[in-house]
file work.csv (CSV, C-alpha atoms)
chain,number,residue,atom,x,y,z
A,1,MET,CA,51.7,45.3,-72.3
A,2,ARG,CA,52.2,47.3,-69.1
A,3,ALA,CA,54.2,45.8,-66.3
A,4,LEU,CA,55.8,46.8,-63.0
A,5,CYS,CA,59.6,46.5,-63.3
A,6,TRP,CA,62.5,46.4,-60.9
A,7,GLU,CA,64.8,49.3,-61.9
A,8,GLY,CA,67.4,49.1,-59.0
A,9,ARG,CA,67.4,49.2,-55.3
A,10,ASN,CA,64.4,51.2,-54.0
A,11,THR,CA,63.1,51.9,-57.5
A,12,VAL,CA,60.2,50.3,-59.4
A,13,GLN,CA,58.5,51.7,-62.5
A,14,VAL,CA,55.6,50.7,-64.8
A,15,GLU,CA,57.0,50.1,-68.3
A,16,ASN,CA,55.9,48.8,-71.6
A,17,VAL,CA,57.3,45.3,-72.1
A,18,PRO,CA,56.8,42.5,-74.7
A,19,ASP,CA,53.6,40.5,-74.4
A,20,PRO,CA,54.1,37.0,-73.0
A,21,LYS,CA,54.0,34.1,-75.5
A,22,ILE,CA,53.4,30.4,-75.3
A,23,LEU,CA,56.9,28.9,-75.1
A,24,ASN,CA,56.0,25.3,-74.1
A,25,GLN,CA,53.0,23.1,-74.7
A,26,ARG,CA,52.3,23.1,-71.0
A,27,ASP,CA,52.1,26.9,-70.8
A,28,ALA,CA,49.0,29.2,-70.5
A,29,ILE,CA,48.7,32.9,-70.9
A,30,VAL,CA,46.6,34.7,-68.2
A,31,ARG,CA,45.1,38.1,-68.4
A,32,ILE,CA,45.6,39.5,-64.9
A,33,THR,CA,42.5,40.9,-63.2
A,34,SER,CA,44.0,41.3,-59.7
A,35,THR,CA,47.5,41.1,-58.3
A,36,ALA,CA,48.9,42.1,-54.9
A,37,ILE,CA,52.1,43.5,-53.4
A,38,CYS,CA,53.6,41.0,-51.0
A,39,GLY,CA,55.9,41.7,-48.0
A,40,SER,CA,58.6,39.5,-49.7
A,41,ASP,CA,58.5,41.8,-52.7
A,42,LEU,CA,60.0,44.5,-50.4
A,43,HIS,CA,63.0,42.3,-49.9
A,44,LEU,CA,63.7,42.6,-53.6
A,45,VAL,CA,63.0,46.3,-53.7
A,46,ASN,CA,65.2,46.9,-50.7
A,47,GLY,CA,68.1,45.1,-52.3
A,48,TYR,CA,68.5,42.2,-50.0
A,49,VAL,CA,67.8,39.4,-52.5
A,50,PRO,CA,70.7,39.0,-55.0
A,51,THR,CA,70.5,38.3,-58.8
A,52,MET,CA,67.8,40.9,-59.6
A,53,LYS,CA,68.2,42.5,-63.1
A,54,LYS,CA,67.0,45.9,-64.3
A,55,GLY,CA,63.7,45.4,-66.0
A,56,ASP,CA,62.6,42.3,-64.2
A,57,VAL,CA,58.8,42.1,-63.9
A,58,LEU,CA,57.7,41.8,-60.3
A,59,GLY,CA,54.8,40.1,-58.6
A,60,HIS,CA,53.9,36.5,-57.5
A,61,GLU,CA,50.4,36.9,-56.1
A,62,PHE,CA,48.0,37.1,-59.1
A,63,MET,CA,44.8,35.7,-60.7
A,64,GLY,CA,42.9,36.3,-63.9
A,65,GLU,CA,41.4,34.9,-67.0
A,66,VAL,CA,43.0,32.3,-69.3
A,67,VAL,CA,43.3,33.7,-72.8
A,68,GLU,CA,45.6,31.1,-74.4
A,69,VAL,CA,46.7,27.6,-73.6
A,70,GLY,CA,49.4,25.3,-75.0
A,71,GLY,CA,48.5,22.0,-76.6
A,72,GLY,CA,49.6,20.0,-73.5
A,73,VAL,CA,47.2,21.8,-71.1
A,74,SER,CA,43.9,19.8,-71.0
A,75,ASN,CA,42.6,21.0,-67.6
A,76,LEU,CA,42.1,24.7,-68.6
A,77,GLN,CA,40.2,26.4,-71.3
A,78,ILE,CA,40.1,29.9,-72.7
A,79,GLY,CA,37.9,32.0,-70.5
A,80,ASP,CA,38.5,30.0,-67.3
A,81,ARG,CA,39.0,32.2,-64.2
A,82,VAL,CA,42.1,31.0,-62.2
A,83,VAL,CA,44.3,31.7,-59.2
A,84,VAL,CA,48.0,31.0,-59.9
A,85,PRO,CA,50.2,29.7,-57.1
A,86,PHE,CA,53.5,31.5,-56.7
A,87,PRO,CA,55.8,28.3,-56.9
A,88,ILE,CA,56.1,26.8,-60.3
A,89,ALA,CA,55.9,23.0,-60.0
A,90,CYS,CA,56.2,20.2,-62.6
A,91,GLY,CA,54.0,17.7,-60.9
A,92,ALA,CA,56.2,14.8,-61.7
A,93,CYS,CA,59.4,14.9,-59.7
A,94,LEU,CA,60.0,13.3,-56.3
A,95,ALA,CA,59.3,16.6,-54.5
A,96,CYS,CA,56.0,17.1,-56.3
A,97,GLU,CA,55.0,13.5,-55.7
A,98,ARG,CA,55.4,14.2,-52.0
A,99,GLU,CA,53.4,17.5,-52.4
A,100,GLN,CA,56.5,19.5,-51.6
A,101,TYR,CA,55.9,21.8,-54.5
A,102,SER,CA,58.1,24.7,-53.5
A,103,VAL,CA,61.2,22.5,-53.8
A,104,CYS,CA,60.2,21.1,-57.2
A,105,GLU,CA,63.3,19.7,-58.9
A,106,ASN,CA,62.6,20.7,-62.5
A,107,THR,CA,61.2,24.2,-62.7
A,108,ASN,CA,64.3,26.4,-61.9
A,109,PRO,CA,66.3,26.9,-65.0
A,110,ASN,CA,69.0,28.7,-62.9
A,111,ALA,CA,69.6,25.8,-60.6
A,112,ARG,CA,73.3,26.5,-60.4
A,113,LEU,CA,72.7,29.9,-58.9
A,114,ALA,CA,70.5,28.5,-56.2
A,115,GLU,CA,72.8,25.6,-55.5
A,116,LYS,CA,75.6,28.1,-54.6
A,117,MET,CA,73.3,29.8,-52.1
A,118,TRP,CA,71.4,26.9,-50.6
A,119,GLY,CA,73.1,23.6,-51.6
A,120,PHE,CA,70.1,22.6,-53.8
A,121,PRO,CA,67.8,24.6,-56.1
A,122,THR,CA,64.2,25.4,-55.1
A,123,ALA,CA,61.3,25.6,-57.5
A,124,GLY,CA,60.9,28.4,-59.9
A,125,VAL,CA,59.0,31.4,-58.6
A,126,PHE,CA,57.1,34.1,-60.4
A,127,GLY,CA,58.8,37.5,-60.3
A,128,TYR,CA,61.3,36.7,-57.6
A,129,SER,CA,64.9,37.1,-58.8
A,130,HIS,CA,67.1,34.9,-61.0
A,131,LEU,CA,67.9,32.7,-58.0
A,132,THR,CA,64.4,31.2,-58.5
A,133,GLY,CA,64.4,31.1,-62.3
A,134,GLY,CA,64.1,34.7,-63.5
A,135,TYR,CA,60.4,34.2,-64.4
A,136,ALA,CA,58.4,37.3,-65.2
A,137,GLY,CA,55.9,38.1,-62.5
A,138,GLY,CA,52.2,39.0,-62.3
A,139,GLN,CA,52.2,42.7,-61.5
A,140,ALA,CA,51.4,43.2,-65.2
A,141,GLU,CA,48.5,43.0,-67.6
A,142,TYR,CA,49.4,39.4,-68.7
A,143,ALA,CA,51.6,36.6,-67.5
A,144,ARG,CA,52.9,33.4,-68.9
A,145,VAL,CA,52.2,30.5,-66.6
A,146,PRO,CA,54.4,27.5,-67.1
A,147,PHE,CA,53.2,24.0,-66.1
A,148,ALA,CA,49.6,25.4,-66.2
A,149,ASP,CA,48.3,21.8,-66.0
A,150,VAL,CA,49.7,21.6,-62.5
A,151,GLY,CA,49.4,25.0,-60.8
A,152,PRO,CA,46.3,27.1,-61.4
A,153,ILE,CA,43.0,26.4,-59.7
A,154,LYS,CA,39.8,27.3,-61.4
A,155,ILE,CA,37.4,29.6,-59.6
A,156,GLU,CA,33.8,28.7,-60.5
A,157,ASN,CA,31.7,29.8,-57.6
A,158,GLY,CA,31.2,33.6,-58.1
A,159,PHE,CA,33.5,34.8,-55.4
A,160,THR,CA,35.1,38.2,-55.8
A,161,ASP,CA,38.8,38.3,-56.7
A,162,GLU,CA,39.7,39.5,-53.3
A,163,GLN,CA,38.1,36.6,-51.6
A,164,VAL,CA,40.3,34.1,-53.5
A,165,LEU,CA,43.3,36.1,-54.7
A,166,PHE,CA,45.3,35.3,-51.6
A,167,LEU,CA,45.2,31.5,-52.3
A,168,SER,CA,48.1,32.4,-54.5
A,169,ASP,CA,50.5,32.8,-51.6
A,170,ILE,CA,49.8,34.4,-48.3
A,171,PHE,CA,46.7,32.5,-47.1
A,172,PRO,CA,48.3,29.1,-47.8
A,173,THR,CA,51.6,30.4,-46.3
A,174,GLY,CA,50.0,31.4,-43.1
A,175,TYR,CA,48.0,28.2,-42.9
A,176,MET,CA,51.2,26.1,-43.5
A,177,GLY,CA,52.9,28.1,-40.8
A,178,ALA,CA,50.2,27.1,-38.3
A,179,GLU,CA,50.0,23.5,-39.6
A,180,MET,CA,53.7,23.0,-39.0
A,181,CYS,CA,53.0,23.7,-35.3
A,182,ASP,CA,51.3,20.3,-35.3
A,183,LEU,CA,48.4,21.6,-33.3
A,184,LYS,CA,46.2,19.1,-31.5
A,185,GLY,CA,43.9,21.5,-29.8
A,186,GLY,CA,44.2,23.7,-26.7
A,187,GLU,CA,47.7,25.1,-27.5
A,188,VAL,CA,49.0,28.6,-27.0
A,189,VAL,CA,50.6,30.0,-30.2
A,190,ALA,CA,52.6,33.2,-30.4
A,191,ILE,CA,53.1,34.8,-33.8
A,192,TRP,CA,55.7,37.5,-34.7
A,193,GLY,CA,54.4,39.9,-37.3
A,194,ALA,CA,50.9,41.2,-37.9
A,195,GLY,CA,51.3,41.7,-41.6
A,196,PRO,CA,49.2,39.8,-44.1
A,197,VAL,CA,51.0,36.4,-43.5
A,198,GLY,CA,50.9,36.8,-39.8
A,199,GLN,CA,47.2,37.7,-39.9
A,200,PHE,CA,46.5,34.5,-41.9
A,201,ALA,CA,48.7,32.4,-39.6
A,202,ALA,CA,46.7,33.7,-36.6
A,203,ALA,CA,43.4,32.9,-38.3
A,204,SER,CA,44.6,29.5,-39.3
A,205,ALA,CA,46.0,28.6,-35.9
A,206,ARG,CA,42.5,29.3,-34.5
A,207,MET,CA,40.9,27.2,-37.2
A,208,LEU,CA,43.3,24.3,-36.4
A,209,GLY,CA,42.4,24.3,-32.7
A,210,ALA,CA,44.7,26.6,-30.8
A,211,GLU,CA,43.1,27.8,-27.6
A,212,ARG,CA,45.0,31.1,-27.5
A,213,VAL,CA,46.9,33.0,-30.2
A,214,ILE,CA,49.1,36.0,-29.3
A,215,LEU,CA,50.0,38.2,-32.3
A,216,ILE,CA,53.1,40.5,-31.8
A,217,ASP,CA,53.7,43.7,-33.7
A,218,ARG,CA,54.4,47.4,-33.2
A,219,PHE,CA,51.7,48.9,-35.4
A,220,GLU,CA,48.4,49.4,-33.6
A,221,TYR,CA,46.3,49.4,-36.8
A,222,ARG,CA,47.6,46.0,-37.8
A,223,LEU,CA,46.9,44.6,-34.3
A,224,ARG,CA,43.4,46.2,-34.4
A,225,VAL,CA,42.6,44.5,-37.7
A,226,ALA,CA,43.7,41.1,-36.2
A,227,GLU,CA,41.6,41.6,-33.1
A,228,GLN,CA,38.5,42.5,-35.1
A,229,ASN,CA,38.8,39.8,-37.7
A,230,THR,CA,40.6,36.8,-36.1
A,231,GLY,CA,39.7,37.2,-32.4
A,232,VAL,CA,43.3,36.8,-31.3
A,233,GLU,CA,45.2,38.5,-28.4
A,234,THR,CA,47.8,41.1,-29.3
A,235,LEU,CA,51.0,42.3,-27.9
A,236,ASN,CA,52.7,45.6,-29.0
A,237,TYR,CA,56.4,44.8,-28.5
A,238,GLU,CA,57.2,48.5,-28.0
A,239,ASP,CA,55.1,48.4,-24.8
A,240,ALA,CA,57.1,45.4,-23.4
A,241,ASP,CA,60.6,45.5,-22.0
A,242,ARG,CA,61.3,42.0,-23.3
A,243,VAL,CA,59.0,40.0,-25.4
A,244,PRO,CA,60.1,36.6,-24.0
A,245,GLU,CA,59.3,37.8,-20.4
A,246,ALA,CA,56.0,39.3,-21.5
A,247,LEU,CA,55.0,35.9,-23.0
A,248,LYS,CA,56.0,34.1,-19.9
A,249,GLU,CA,53.7,36.3,-17.9
A,250,LEU,CA,50.9,35.7,-20.3
A,251,THR,CA,51.4,31.9,-20.2
A,252,GLY,CA,51.9,31.3,-16.5
A,253,GLY,CA,55.6,31.1,-16.8
A,254,ARG,CA,55.7,28.3,-19.3
A,255,GLY,CA,55.9,30.1,-22.6
A,256,PRO,CA,54.0,29.4,-25.8
A,257,ASP,CA,53.7,25.8,-27.1
A,258,ALA,CA,54.5,27.0,-30.6
A,259,CYS,CA,56.0,30.2,-32.0
A,260,ILE,CA,55.6,31.4,-35.6
A,261,ASP,CA,58.1,33.8,-37.3
A,262,ALA,CA,56.0,35.6,-39.9
A,263,VAL,CA,58.5,38.5,-40.2
A,264,GLY,CA,61.7,37.2,-41.9
A,265,MET,CA,64.9,39.0,-42.9
A,266,GLU,CA,64.0,42.6,-42.2
A,267,ALA,CA,62.7,42.5,-38.6
A,268,HIS,CA,62.5,45.7,-36.7
A,269,HIS,CA,63.1,46.2,-33.0
A,270,HIS,CA,65.2,48.5,-30.7
A,271,GLY,CA,68.4,48.1,-28.7
A,272,PRO,CA,72.0,47.2,-29.3
A,273,LEU,CA,71.4,43.8,-31.0
A,274,TYR,CA,69.0,45.4,-33.5
A,275,ALA,CA,71.6,48.1,-34.3
A,276,TYR,CA,74.2,45.4,-34.8
A,277,ASP,CA,72.0,43.7,-37.3
A,278,ARG,CA,71.2,46.9,-39.2
A,279,VAL,CA,74.8,47.8,-39.6
A,280,LYS,CA,75.9,44.3,-40.7
A,281,GLN,CA,73.0,44.0,-43.1
A,282,ALA,CA,73.7,47.4,-44.6
A,283,LEU,CA,77.4,46.4,-45.1
A,284,ARG,CA,76.2,43.1,-46.6
A,285,GLN,CA,78.1,41.2,-43.9
A,286,GLU,CA,74.9,39.3,-43.1
A,287,THR,CA,71.8,39.0,-45.3
A,288,GLU,CA,69.2,39.0,-42.5
A,289,ARG,CA,67.9,40.9,-39.5
A,290,PRO,CA,66.7,37.9,-37.5
A,291,PHE,CA,65.5,39.6,-34.4
A,292,ALA,CA,62.0,38.0,-34.5
A,293,LEU,CA,63.5,34.6,-35.1
A,294,ARG,CA,65.8,34.9,-32.1
A,295,GLU,CA,62.9,36.0,-29.9
A,296,ALA,CA,60.7,33.1,-31.1
A,297,ILE,CA,63.4,30.6,-30.2
A,298,MET,CA,64.0,32.2,-26.8
A,299,SER,CA,60.3,32.5,-26.0
A,300,CYS,CA,59.2,29.0,-26.9
A,301,ARG,CA,58.6,26.5,-24.1
A,302,GLY,CA,60.8,23.4,-23.8
A,303,GLY,CA,59.9,20.8,-26.3
A,304,GLY,CA,57.9,23.2,-28.4
A,305,THR,CA,57.9,24.1,-32.1
A,306,VAL,CA,59.2,27.1,-33.9
A,307,SER,CA,57.6,27.5,-37.3
A,308,VAL,CA,59.5,29.9,-39.7
A,309,ILE,CA,57.5,31.2,-42.7
A,310,GLY,CA,59.1,34.7,-42.9
A,311,VAL,CA,61.5,34.8,-45.8
A,312,TYR,CA,65.2,34.4,-45.3
A,313,GLY,CA,67.7,34.5,-48.1
A,314,GLY,CA,71.2,33.6,-46.8
A,315,LEU,CA,73.2,33.9,-43.6
A,316,LEU,CA,72.4,35.4,-40.2
A,317,ASP,CA,74.5,36.1,-37.1
A,318,LYS,CA,74.0,35.3,-33.4
A,319,PHE,CA,71.6,32.4,-34.0
A,320,PRO,CA,70.7,30.9,-30.5
A,321,MET,CA,71.4,27.3,-31.4
A,322,GLY,CA,72.1,26.5,-27.7
A,323,ALA,CA,68.5,27.3,-26.9
A,324,VAL,CA,67.2,25.2,-29.8
A,325,MET,CA,69.3,22.2,-28.7
A,326,ASN,CA,69.0,22.4,-24.9
A,327,LYS,CA,65.2,23.1,-24.9
A,328,GLY,CA,64.6,20.3,-27.4
A,329,LEU,CA,62.9,22.6,-29.9
A,330,THR,CA,61.6,21.5,-33.3
A,331,ILE,CA,62.2,24.0,-36.1
A,332,ARG,CA,60.1,23.7,-39.2
A,333,SER,CA,60.2,26.0,-42.2
A,334,GLY,CA,59.8,26.4,-45.9
A,335,GLN,CA,58.4,28.3,-48.8
A,336,CYS,CA,54.8,27.3,-49.0
A,337,HIS,CA,53.8,24.2,-51.0
A,338,VAL,CA,50.8,26.2,-52.3
A,339,GLN,CA,49.3,23.7,-54.7
A,340,ARG,CA,48.8,21.3,-51.7
A,341,TYR,CA,46.5,23.8,-50.0
A,342,LEU,CA,44.5,25.4,-52.8
A,343,ARG,CA,41.5,23.2,-52.8
A,344,PRO,CA,41.2,22.6,-49.0
A,345,LEU,CA,41.5,26.4,-48.3
A,346,LEU,CA,39.0,27.2,-51.1
A,347,GLU,CA,36.6,24.9,-49.4
A,348,ARG,CA,37.1,26.8,-46.1
A,349,VAL,CA,36.2,30.0,-47.9
A,350,GLN,CA,33.2,28.4,-49.5
A,351,ASN,CA,32.1,27.1,-46.1
A,352,GLY,CA,32.2,30.6,-44.6
A,353,GLU,CA,35.1,29.8,-42.1
A,354,ILE,CA,37.1,32.7,-43.4
A,355,ASP,CA,36.8,35.6,-45.8
A,356,PRO,CA,40.4,36.5,-46.7
A,357,SER,CA,39.4,39.9,-48.2
A,358,PHE,CA,39.5,41.4,-44.7
A,359,ILE,CA,43.2,42.3,-45.1
A,360,VAL,CA,42.8,44.5,-48.1
A,361,THR,CA,43.2,48.2,-47.3
A,362,HIS,CA,44.2,49.7,-50.6
A,363,ARG,CA,43.1,49.2,-54.2
A,364,LEU,CA,45.1,50.8,-56.9
A,365,SER,CA,45.5,50.7,-60.7
A,366,LEU,CA,48.7,49.1,-62.1
A,367,ASP,CA,50.0,52.5,-63.0
A,368,GLU,CA,49.8,53.5,-59.3
A,369,ALA,CA,51.9,50.5,-58.3
A,370,PRO,CA,55.0,52.5,-57.4
A,371,HIS,CA,52.9,54.6,-55.0
A,372,GLY,CA,51.4,51.4,-53.6
A,373,TYR,CA,55.0,50.1,-52.9
A,374,GLU,CA,55.7,53.3,-51.0
A,375,LEU,CA,52.5,53.0,-49.0
A,376,PHE,CA,53.1,49.4,-48.1
A,377,LYS,CA,56.8,49.8,-47.4
A,378,ASN,CA,56.5,52.8,-45.1
A,379,LYS,CA,53.2,51.6,-43.5
A,380,GLU,CA,51.5,54.9,-44.6
A,381,ASP,CA,47.8,55.5,-44.4
A,382,ASP,CA,47.3,52.3,-42.2
A,383,CYS,CA,48.3,50.2,-45.2
A,384,LEU,CA,48.1,46.4,-44.6
A,385,LYS,CA,47.6,45.0,-48.1
A,386,VAL,CA,47.6,46.6,-51.6
A,387,VAL,CA,45.7,45.0,-54.5
A,388,LEU,CA,46.5,46.2,-58.0
A,389,LYS,CA,43.9,46.1,-60.8
A,390,PRO,CA,45.6,45.9,-64.2
call {"tool": "encode", "arguments": {"input": "work.csv", "output": "structure tokens"}}
result
Amino acid sequence: MRALCWEGRNTVQVENVPDPKILNQRDAIVRITSTAICGSDLHLVNGYVPTMKKGDVLGHEFMGEVVEVGGGVSNLQIGDRVVVPFPIACGACLACEREQYSVCENTNPNARLAEKMWGFPTAGVFGYSHLTGGYAGGQAEYARVPFADVGPIKIENGFTDEQVLFLSDIFPTGYMGAEMCDLKGGEVVAIWGAGPVGQFAAASARMLGAERVILIDRFEYRLRVAEQNTGVETLNYEDADRVPEALKELTGGRGPDACIDAVGMEAHHHGPLYAYDRVKQALRQETERPFALREAIMSCRGGGTVSVIGVYGGLLDKFPMGAVMNKGLTIRSGQCHVQRYLRPLLERVQNGEIDPSFIVTHRLSLDEAPHGYELFKNKEDDCLKVVLKP
């Protein structure tokens, strides 16, 4: 089959690789009909996530048609149309019983690698380095889906792929980011990053009752898409001397009730601190450029919540712990527990509360995937989200 493979830092290539096979009775094989390039894929391509190997198949946002099932899978049949969540969960461990699927205790065969980085392993993840299991991803013609009796959700309502594809990752991730803010109604929420996850976090905060949502980015086309489709306020940080001060002005001096970091380890900005991060990250003396996270912490009102859904991999410098402690902030974070949100968010799509396809700007064939990565990485041609059609 054809699949997009990691060939080294800043290099991806479509190659012929062996077709996936059933290896366990709880496996299924899915023929991919749509798959997407995610912002966190860029962290792999840019070389900031360790343990990648030449030839690794990328991609963790995908859906398609079931073409084969193992004997232990009774909930799926050949021909079913499914969306596959990016974390691989067993459904039986303590974490899964608590619906904390992204920290499943049983699906990462490379647990020792993850323990060295994070103390404990996380769940296995499709196409996302050997730290998370070394599973082949979904930017391919076919994918093996382990624990298929736990993960995939059947799509039976006639929606297009693009209306449901993002249930695999970015829609639930944005929603969880807003949910972790513990919104009761009437709050002001500031969100760093108007990429796809930030867009869904903004839409979700509105759905969960926030009175005002302020989305922060530097690309006018991304801010424009948010204004048109989610009804939020926007702030171009290049037009502000300091984002925390600008947010104080917008909130009567108090600051946002909650702040969401939807940027993660490769934040952009300007000034000496950003230059410091760029140099240290390039020299591999820190793994993150946490400018957005620092601003979120400094901007949040006393007693507020900082929700972190941007991806971080290891260690960062100059973390403002004094602000966290002295302002009494709550920090909540995590890779998304996608399986928890699949059915509730599908119901929101069915009820017409949101059409997630609004973020798609580019549709390409699988063979055009390297070009899609360049468009997405460099923000060319007003690229917000690339969907590949194997």
call {"tool": "residues_around", "arguments": {"input": "work.csv", "residues": "region 334-348 of chain A", "least_positions_apart": "2", "cutoff": "8 Å", "atoms": "all atoms listed in the file", "output": "MDAnalysis selection string"}}
result
chainID A and resid 85:87 99:102 151 153 164 167:169 172:173 176 308:309 311 332 350:354
call {"tool": "residues_around", "arguments": {"input": "work.csv", "residues": "Gly70 (chain A)", "least_positions_apart": "3", "cutoff": "7 Å", "atoms": "all atoms listed in the file", "output": "compact mmCIF listing (two decimals) with C-alpha atoms, in the frame of the given file"}}
result
# COMPACT_ATOMS: atom_id res chain seq x y z
CA ILE A 22 53.40 30.40 -75.30
CA ASN A 24 56.00 25.30 -74.10
CA GLN A 25 53.00 23.10 -74.70
CA ARG A 26 52.30 23.10 -71.00
CA ASP A 27 52.10 26.90 -70.80
CA ALA A 28 49.00 29.20 -70.50
CA VAL A 73 47.20 21.80 -71.10
call {"tool": "closest_residue", "arguments": {"input": "work.csv", "among": "A:Asp277, A:Glu65, A:Glu295, A:Glu97", "to": "Val150 (chain A)", "atoms": "only C-alpha atoms"}}
result
A:Glu97
call {"tool": "closest_residue", "arguments": {"input": "work.csv", "among": "A:Leu315, A:Ala148, A:Val188, A:Leu235", "to": "Cys90 (chain A)", "atoms": "all atoms listed in the file"}}
result
A:Ala148
call {"tool": "closest_atom_pairs", "arguments": {"input": "work.csv", "of": "region 24-103 of chain A", "to": "region 251-273 of chain A", "cutoff": "9 Å", "atoms": "all atoms listed in the file", "output": "CSV"}}
result
residue,atom,partner,partner_atom,distance
A:Gly39,CA,A:Val263,CA,8.8
A:Ser40,CA,A:Gly264,CA,8.7
A:His43,CA,A:Glu266,CA,7.8
A:Tyr48,CA,A:Met265,CA,8.6
call {"tool": "closest_residue", "arguments": {"input": "work.csv", "among": "A:Arg278, A:His371, A:Lys377, A:Lys385", "to": "Gln199 (chain A)", "atoms": "only C-alpha atoms"}}
result
A:Lys385
call {"tool": "closest_residue", "arguments": {"input": "work.csv", "among": "A:Ala92, A:Ala275, A:Val324, A:Leu375", "to": "Met298 (chain A)", "atoms": "only C-alpha atoms"}}
result
A:Val324
call {"tool": "closest_residue", "arguments": {"input": "work.csv", "among": "A:Glu162, A:Glu68, A:Glu105, A:Glu61", "to": "Arg363 (chain A)", "atoms": "only C-alpha atoms"}}
result
A:Glu162
call {"tool": "closest_residue", "arguments": {"input": "work.csv", "among": "A:Pro356, A:Pro320, A:Gly310, A:Gly177", "to": "Ala226 (chain A)", "atoms": "only C-alpha atoms"}}
result
A:Pro356
call {"tool": "residues_around", "arguments": {"input": "work.csv", "residues": "Ile170 (chain A)", "least_positions_apart": "4", "cutoff": "7 Å", "atoms": "only C-alpha atoms", "output": "PDB file with C-alpha atoms, keeping the file's coordinate frame"}}
result
ATOM      1  CA  PHE A 166      45.300  35.300 -51.600  1.00  0.00           C
ATOM      2  CA  GLY A 174      50.000  31.400 -43.100  1.00  0.00           C
ATOM      3  CA  PRO A 196      49.200  39.800 -44.100  1.00  0.00           C
ATOM      4  CA  VAL A 197      51.000  36.400 -43.500  1.00  0.00           C
TER       5      VAL A 197
END
call {"tool": "residues_around", "arguments": {"input": "work.csv", "residues": "His130 (chain A)", "least_positions_apart": "3", "cutoff": "8 Å", "atoms": "all atoms listed in the file", "output": "number ranges by chain"}}
result
A: 51-53, 110, 113, 133-135
call {"tool": "closest_atom_pairs", "arguments": {"input": "work.csv", "of": "region 137-203 of chain A", "to": "region 3-11 of chain A", "cutoff": "7 Å", "atoms": "only C-alpha atoms", "output": "CSV"}}
result
residue,atom,partner,partner_atom,distance
A:Gln139,CA,A:Leu4,CA,5.7
A:Ala140,CA,A:Ala3,CA,4.0
A:Glu141,CA,A:Ala3,CA,6.5
call {"tool": "residues_near_point", "arguments": {"input": "work.csv", "point": "(54.3, 43.7, -40.2)", "cutoff": "7 Å", "atoms": "all atoms listed in the file", "output": "list in words"}}
result
Gly193, Ala194, Gly195, Asp217 and Val263 of chain A
call {"tool": "atom_distance", "arguments": {"input": "work.csv", "atom1": "CA of Ile359 (chain A)", "atom2": "CA of Leu42 (chain A)"}}
result
17.8 Å
call {"tool": "residues_around", "arguments": {"input": "work.csv", "residues": "Val30 (chain A)", "least_positions_apart": "3", "cutoff": "8 Å", "atoms": "only C-alpha atoms", "output": "PDB file with C-alpha atoms, keeping the file's coordinate frame"}}
result
ATOM      1  CA  MET A  63      44.800  35.700 -60.700  1.00  0.00           C
ATOM      2  CA  GLY A  64      42.900  36.300 -63.900  1.00  0.00           C
ATOM      3  CA  GLU A  65      41.400  34.900 -67.000  1.00  0.00           C
ATOM      4  CA  VAL A  66      43.000  32.300 -69.300  1.00  0.00           C
ATOM      5  CA  VAL A  67      43.300  33.700 -72.800  1.00  0.00           C
ATOM      6  CA  GLU A  68      45.600  31.100 -74.400  1.00  0.00           C
ATOM      7  CA  TYR A 142      49.400  39.400 -68.700  1.00  0.00           C
ATOM      8  CA  ALA A 143      51.600  36.600 -67.500  1.00  0.00           C
ATOM      9  CA  ARG A 144      52.900  33.400 -68.900  1.00  0.00           C
ATOM     10  CA  VAL A 145      52.200  30.500 -66.600  1.00  0.00           C
TER      11      VAL A 145
END
call {"tool": "atom_distance", "arguments": {"input": "work.csv", "atom1": "CA of Gln13 (chain A)", "atom2": "CA of Gln285 (chain A)"}}
result
29.0 Å
